[in-house]
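Novice: Supplied in structure tokens, the structure appears directly below.
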Amino acid sequence: MTVDAASMGALLAFFAGILNGTYTLAMRFLGKWEWENVWLLFTLVCCLILPGAIVLLTVSSPFAIVAQAPSGAILAALVSGGLWGFGAILFGQSVSAIGISLTNTIVLALSAALGSVLSMIVLNASSLTSAHGKLVLLGTAVAIAGMVASGVAGSLREQNRKTLNCVEEEGEGSLVGRRRPVRIGILMCIGAGVLSAIFNIGFSMAQPLIATAVRAGQTATAGANLVWLLMLGSGAIVNIAFCAYLLIKNNSAGKFFLRGGIRLYTLCALMGLFWWGSIFIYGEASSRLGPLGPAIGWPLFLSTGLLVSNVCGILTGEWRSTTAKTRWWVAGGLATLVIAILVLGKAGAM
């Protein structure tokens, strides 16, 4: 692997993080629908339609490759994908419950810590004590510090809102779904963060499937696309079942036929495209970052996503009714995340 390839991998992980940090922004403009309407379409686009189309375009004889791959790698992809599916539900509910910024802070902090360190252990435990591995751990630790600072800011924001008796807007322009007490939202975020980390660990454990694809004459990217289809397809089953339950329970299926539906469908499709694009590009970045690609790329990917999501939160007014102290915590968290991105970028380019 050349330095140029590694640098490109770090750059791709950064770009993937930008897409990951902006995809939930569409949820602020889907208030005419219920959460389950939005999440069902989002799941169909990003977990089934796009991954399936990409595999058809990039992988020759995908069934033969899966048949030749180690059963452990296939099982790891399916199980981790299913667990991630539960985490995706918790994440989507958390965004509606406590907002974009605070949700991303907690979920990504846990996911970055567990996903990076455990992936490094899965891929090469001895790397933890190498100079390269220590730099990855340092960058991950700095990223977590930035995420914690952002989390403090989020907690202070909720206190500020209560003090100032701010009322959450409803209808067009409001966040889809309903708000919940912060403690409930944080518990959902913790569950989402742990299960999100399993997603990256599963990708690490499914690397033999990518190796099988390469031996069959496919590219590493094609192999990664096959892994994503297995993982996301498994997770989609969980999400679609839950959305179907809510559509029946809340009698909300009729909202798919509201006037102005074309714009709502388009926003959901863009939301799915951005999220899938972030995962697709992350997979490409990981393949360029060498044997520790998932361990390096994951925290870089998530740190960038959190940085961008917080900026989106600022631009959409999530931090408008806050004190100077809260805004200082926001600024400190964002600055720390920038440092983490630089450190992880350096690790990726080594």
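By convention here, the chains of the structure tokens are called A, B, ... in the order presented, each chain's residues are numbered starting at 1, and ligands are numbered starting at 1 in the order presented.
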With only C-alpha atoms as the counted atoms, please give the residues lying no more than 9 Å from region 40-57 of chain A, apart from itself and same-chain residues fewer than 5 positions off, as a PyMOL selection string.

Specialist: chain A and resi 35+62+222-223+225-226+228-229+231-236+239-240+242-244+265+268-277+280

Novice: Please write the residues from the selection above to a file, keeping N, CA and C atoms, as a compact mmCIF listing (two decimals), in the first residue's frame.

Specialist:
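Once written, out14.txt looks like this:
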# COMPACT_ATOMS: atom_id res chain seq x y z
N TRP A 35 -42.99 9.24 12.21
CA TRP A 35 -41.64 8.67 12.18
C TRP A 35 -41.61 7.41 11.33
N PRO A 62 -22.45 -13.04 -7.49
CA PRO A 62 -22.40 -12.81 -6.04
C PRO A 62 -22.77 -14.06 -5.22
N ALA A 222 -15.84 -4.34 -4.57
CA ALA A 222 -16.97 -5.22 -4.90
C ALA A 222 -17.26 -6.16 -3.73
N GLY A 223 -16.20 -6.69 -3.11
CA GLY A 223 -16.39 -7.56 -1.96
C GLY A 223 -17.05 -6.83 -0.80
N ASN A 225 -19.02 -4.27 -1.05
CA ASN A 225 -20.42 -4.04 -1.41
C ASN A 225 -21.29 -5.26 -1.09
N LEU A 226 -20.72 -6.44 -1.28
CA LEU A 226 -21.45 -7.66 -0.97
C LEU A 226 -21.66 -7.80 0.53
N TRP A 228 -21.86 -5.29 2.64
CA TRP A 228 -22.88 -4.30 3.03
C TRP A 228 -24.28 -4.81 2.74
N LEU A 229 -24.46 -5.47 1.60
CA LEU A 229 -25.79 -5.97 1.25
C LEU A 229 -26.27 -6.99 2.27
N MET A 231 -25.26 -7.29 5.44
CA MET A 231 -25.46 -6.65 6.73
C MET A 231 -26.70 -5.77 6.73
N LEU A 232 -26.81 -4.92 5.70
CA LEU A 232 -27.93 -4.00 5.65
C LEU A 232 -29.25 -4.71 5.37
N GLY A 233 -29.19 -5.77 4.56
CA GLY A 233 -30.41 -6.55 4.31
C GLY A 233 -30.93 -7.19 5.58
N SER A 234 -30.01 -7.69 6.40
CA SER A 234 -30.40 -8.29 7.67
C SER A 234 -31.01 -7.23 8.59
N GLY A 235 -30.36 -6.05 8.65
CA GLY A 235 -30.88 -4.97 9.49
C GLY A 235 -32.20 -4.44 8.99
N ALA A 236 -32.40 -4.46 7.65
CA ALA A 236 -33.64 -3.94 7.08
C ALA A 236 -34.85 -4.74 7.54
N ASN A 239 -36.00 -3.33 10.84
CA ASN A 239 -36.57 -1.98 10.72
C ASN A 239 -37.92 -1.99 10.01
N ILE A 240 -38.04 -2.77 8.95
CA ILE A 240 -39.30 -2.83 8.20
C ILE A 240 -40.41 -3.42 9.07
N PHE A 242 -40.64 -3.30 12.35
CA PHE A 242 -41.02 -2.33 13.37
C PHE A 242 -41.87 -1.21 12.77
N CYS A 243 -41.48 -0.74 11.59
CA CYS A 243 -42.25 0.32 10.93
C CYS A 243 -43.65 -0.17 10.58
N ALA A 244 -43.76 -1.41 10.11
CA ALA A 244 -45.06 -1.97 9.78
C ALA A 244 -45.95 -2.03 11.02
N TYR A 265 -41.41 12.27 -0.47
CA TYR A 265 -40.74 11.07 -0.99
C TYR A 265 -39.32 11.40 -1.43
N CYS A 268 -37.00 11.77 1.58
CA CYS A 268 -36.67 10.47 2.15
C CYS A 268 -35.64 9.75 1.28
N ALA A 269 -35.82 9.85 -0.03
CA ALA A 269 -34.87 9.21 -0.94
C ALA A 269 -33.48 9.82 -0.80
N LEU A 270 -33.42 11.14 -0.69
CA LEU A 270 -32.13 11.82 -0.50
C LEU A 270 -31.50 11.45 0.83
N MET A 271 -32.33 11.32 1.85
CA MET A 271 -31.86 10.91 3.16
C MET A 271 -31.20 9.53 3.08
N GLY A 272 -31.88 8.59 2.38
CA GLY A 272 -31.32 7.25 2.20
C GLY A 272 -30.08 7.27 1.34
N LEU A 273 -30.07 8.10 0.30
CA LEU A 273 -28.91 8.19 -0.59
C LEU A 273 -27.69 8.71 0.15
N PHE A 274 -27.87 9.73 0.98
CA PHE A 274 -26.74 10.28 1.73
C PHE A 274 -26.18 9.25 2.72
N TRP A 275 -27.10 8.56 3.42
CA TRP A 275 -26.60 7.59 4.40
C TRP A 275 -25.89 6.44 3.70
N TRP A 276 -26.53 5.89 2.65
CA TRP A 276 -25.88 4.79 1.94
C TRP A 276 -24.57 5.25 1.31
N GLY A 277 -24.56 6.47 0.77
CA GLY A 277 -23.33 6.99 0.20
C GLY A 277 -22.21 7.05 1.23
N PHE A 280 -21.04 3.40 1.74
CA PHE A 280 -20.34 2.93 0.55
C PHE A 280 -18.93 3.53 0.47

Novice: If we count only C-alpha atoms, what is near Pro208 (chain A) at a cut-off of 8 Å, once residues fewer than 3 positions away on the same chain are taken out, given as a PyMOL selection string?

Specialist: chain A and resi 69-70+73+205+211-212

Novice: I need the chosen residues saved as a PDB file, in the first residue's frame, with C-alpha atoms.

Specialist:
ATOM      1  CA  ALA A  69     -16.772 -17.655   1.589  1.00  0.00           C
ATOM      2  CA  PRO A  70     -16.152 -18.933   5.144  1.00  0.00           C
ATOM      3  CA  ALA A  73     -17.799 -14.445   7.887  1.00  0.00           C
ATOM      4  CA  MET A 205     -15.156 -10.027  11.053  1.00  0.00           C
ATOM      5  CA  ALA A 211     -10.798 -11.766   0.491  1.00  0.00           C
ATOM      6  CA  THR A 212     -12.891 -14.492  -1.164  1.00  0.00           C
TER       7      THR A 212
END

Novice: At a cut-off of 7 Å, using only C-alpha atoms, what residues contact Ala16 (chain A)? Leave out same-chain residues fewer than 6 positions from it and give the result as a PyMOL selection string.

Specialist: chain A and resi 278-279+281-282+301

Novice: Those same residues - C-alpha atoms - I'd like them written as a short mmCIF file (atom, residue, chain, number, x, y, z; two decimals), in the first residue's frame.

Specialist:
data_model
loop_
_atom_site.label_atom_id
_atom_site.label_comp_id
_atom_site.auth_asym_id
_atom_site.auth_seq_id
_atom_site.Cartn_x
_atom_site.Cartn_y
_atom_site.Cartn_z
CA SER A 278 -21.54 7.48 3.51
CA ILE A 279 -21.36 3.71 4.13
CA ILE A 281 -17.53 5.50 0.64
CA TYR A 282 -16.47 4.39 4.13
CA PHE A 301 -15.65 8.73 9.81
#

Novice: Find the nearest atom pair between each residue of region 270-326 of chain A and region 139-153 of chain A for residues within 7 Å, count only C-alpha atoms, give distances in Å to one decimal, sort rows by chain and ascending number, and present the table as CSV.

Specialist:
residue,atom,partner,partner_atom,distance
A:Pro299,CA,A:Thr140,CA,6.0
A:Ser303,CA,A:Ala143,CA,6.2
A:Thr326,CA,A:Ala153,CA,5.3

Novice: Just how far from CA of Gly193 (chain A) is CA of Leu75 (chain A), in Å to one decimal?

Specialist: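 Going from CA of Leu75 (chain A) over to CA of Gly193 (chain A) covers 21.6 Å.
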
Novice: Which residues, written as JSON, numbers by chain, have at least one atom at most 12 Å from Phe256 (chain A), with only C-alpha atoms counted and residues fewer than 5 positions away on the same chain left out?

Specialist: {"A": [30, 32, 33, 34, 35, 36, 37, 38, 40, 41, 247, 251, 261, 262, 263, 264, 265, 268]}

Novice: In Å, with one decimal, what is the gap from CA of Trp329 (chain A) to CA of Gly21 (chain A)?

Specialist: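 Atom-to-atom, CA of Trp329 (chain A) to CA of Gly21 (chain A), that is 19.3 Å.
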
Novice: If I take CA of Thr266 (chain A) and CA of Met27 (chain A), how far is one from the other in Å, to one decimal?

Specialist: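 Interatomic distance, CA of Thr266 (chain A) to CA of Met27 (chain A): 12.0 Å.
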
Novice: Which residue is closest to Leu83 (chain A)? Choose from A:Gly297, A:Gly313, A:Gly202, A:Gly217 and count only C-alpha atoms.

Specialist: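 Going through A:Gly297, A:Gly313, A:Gly202, A:Gly217 one by one, the smallest distance to Leu83 (chain A) is for A:Gly202.
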
Novice: As a ChimeraX atom specification, please: every residue in region 127-298 of chain A that DSSP puts in alpha helix (DSSP H).

Specialist: /A:131-163,182-205,207-215,220-249,261-288,293-298
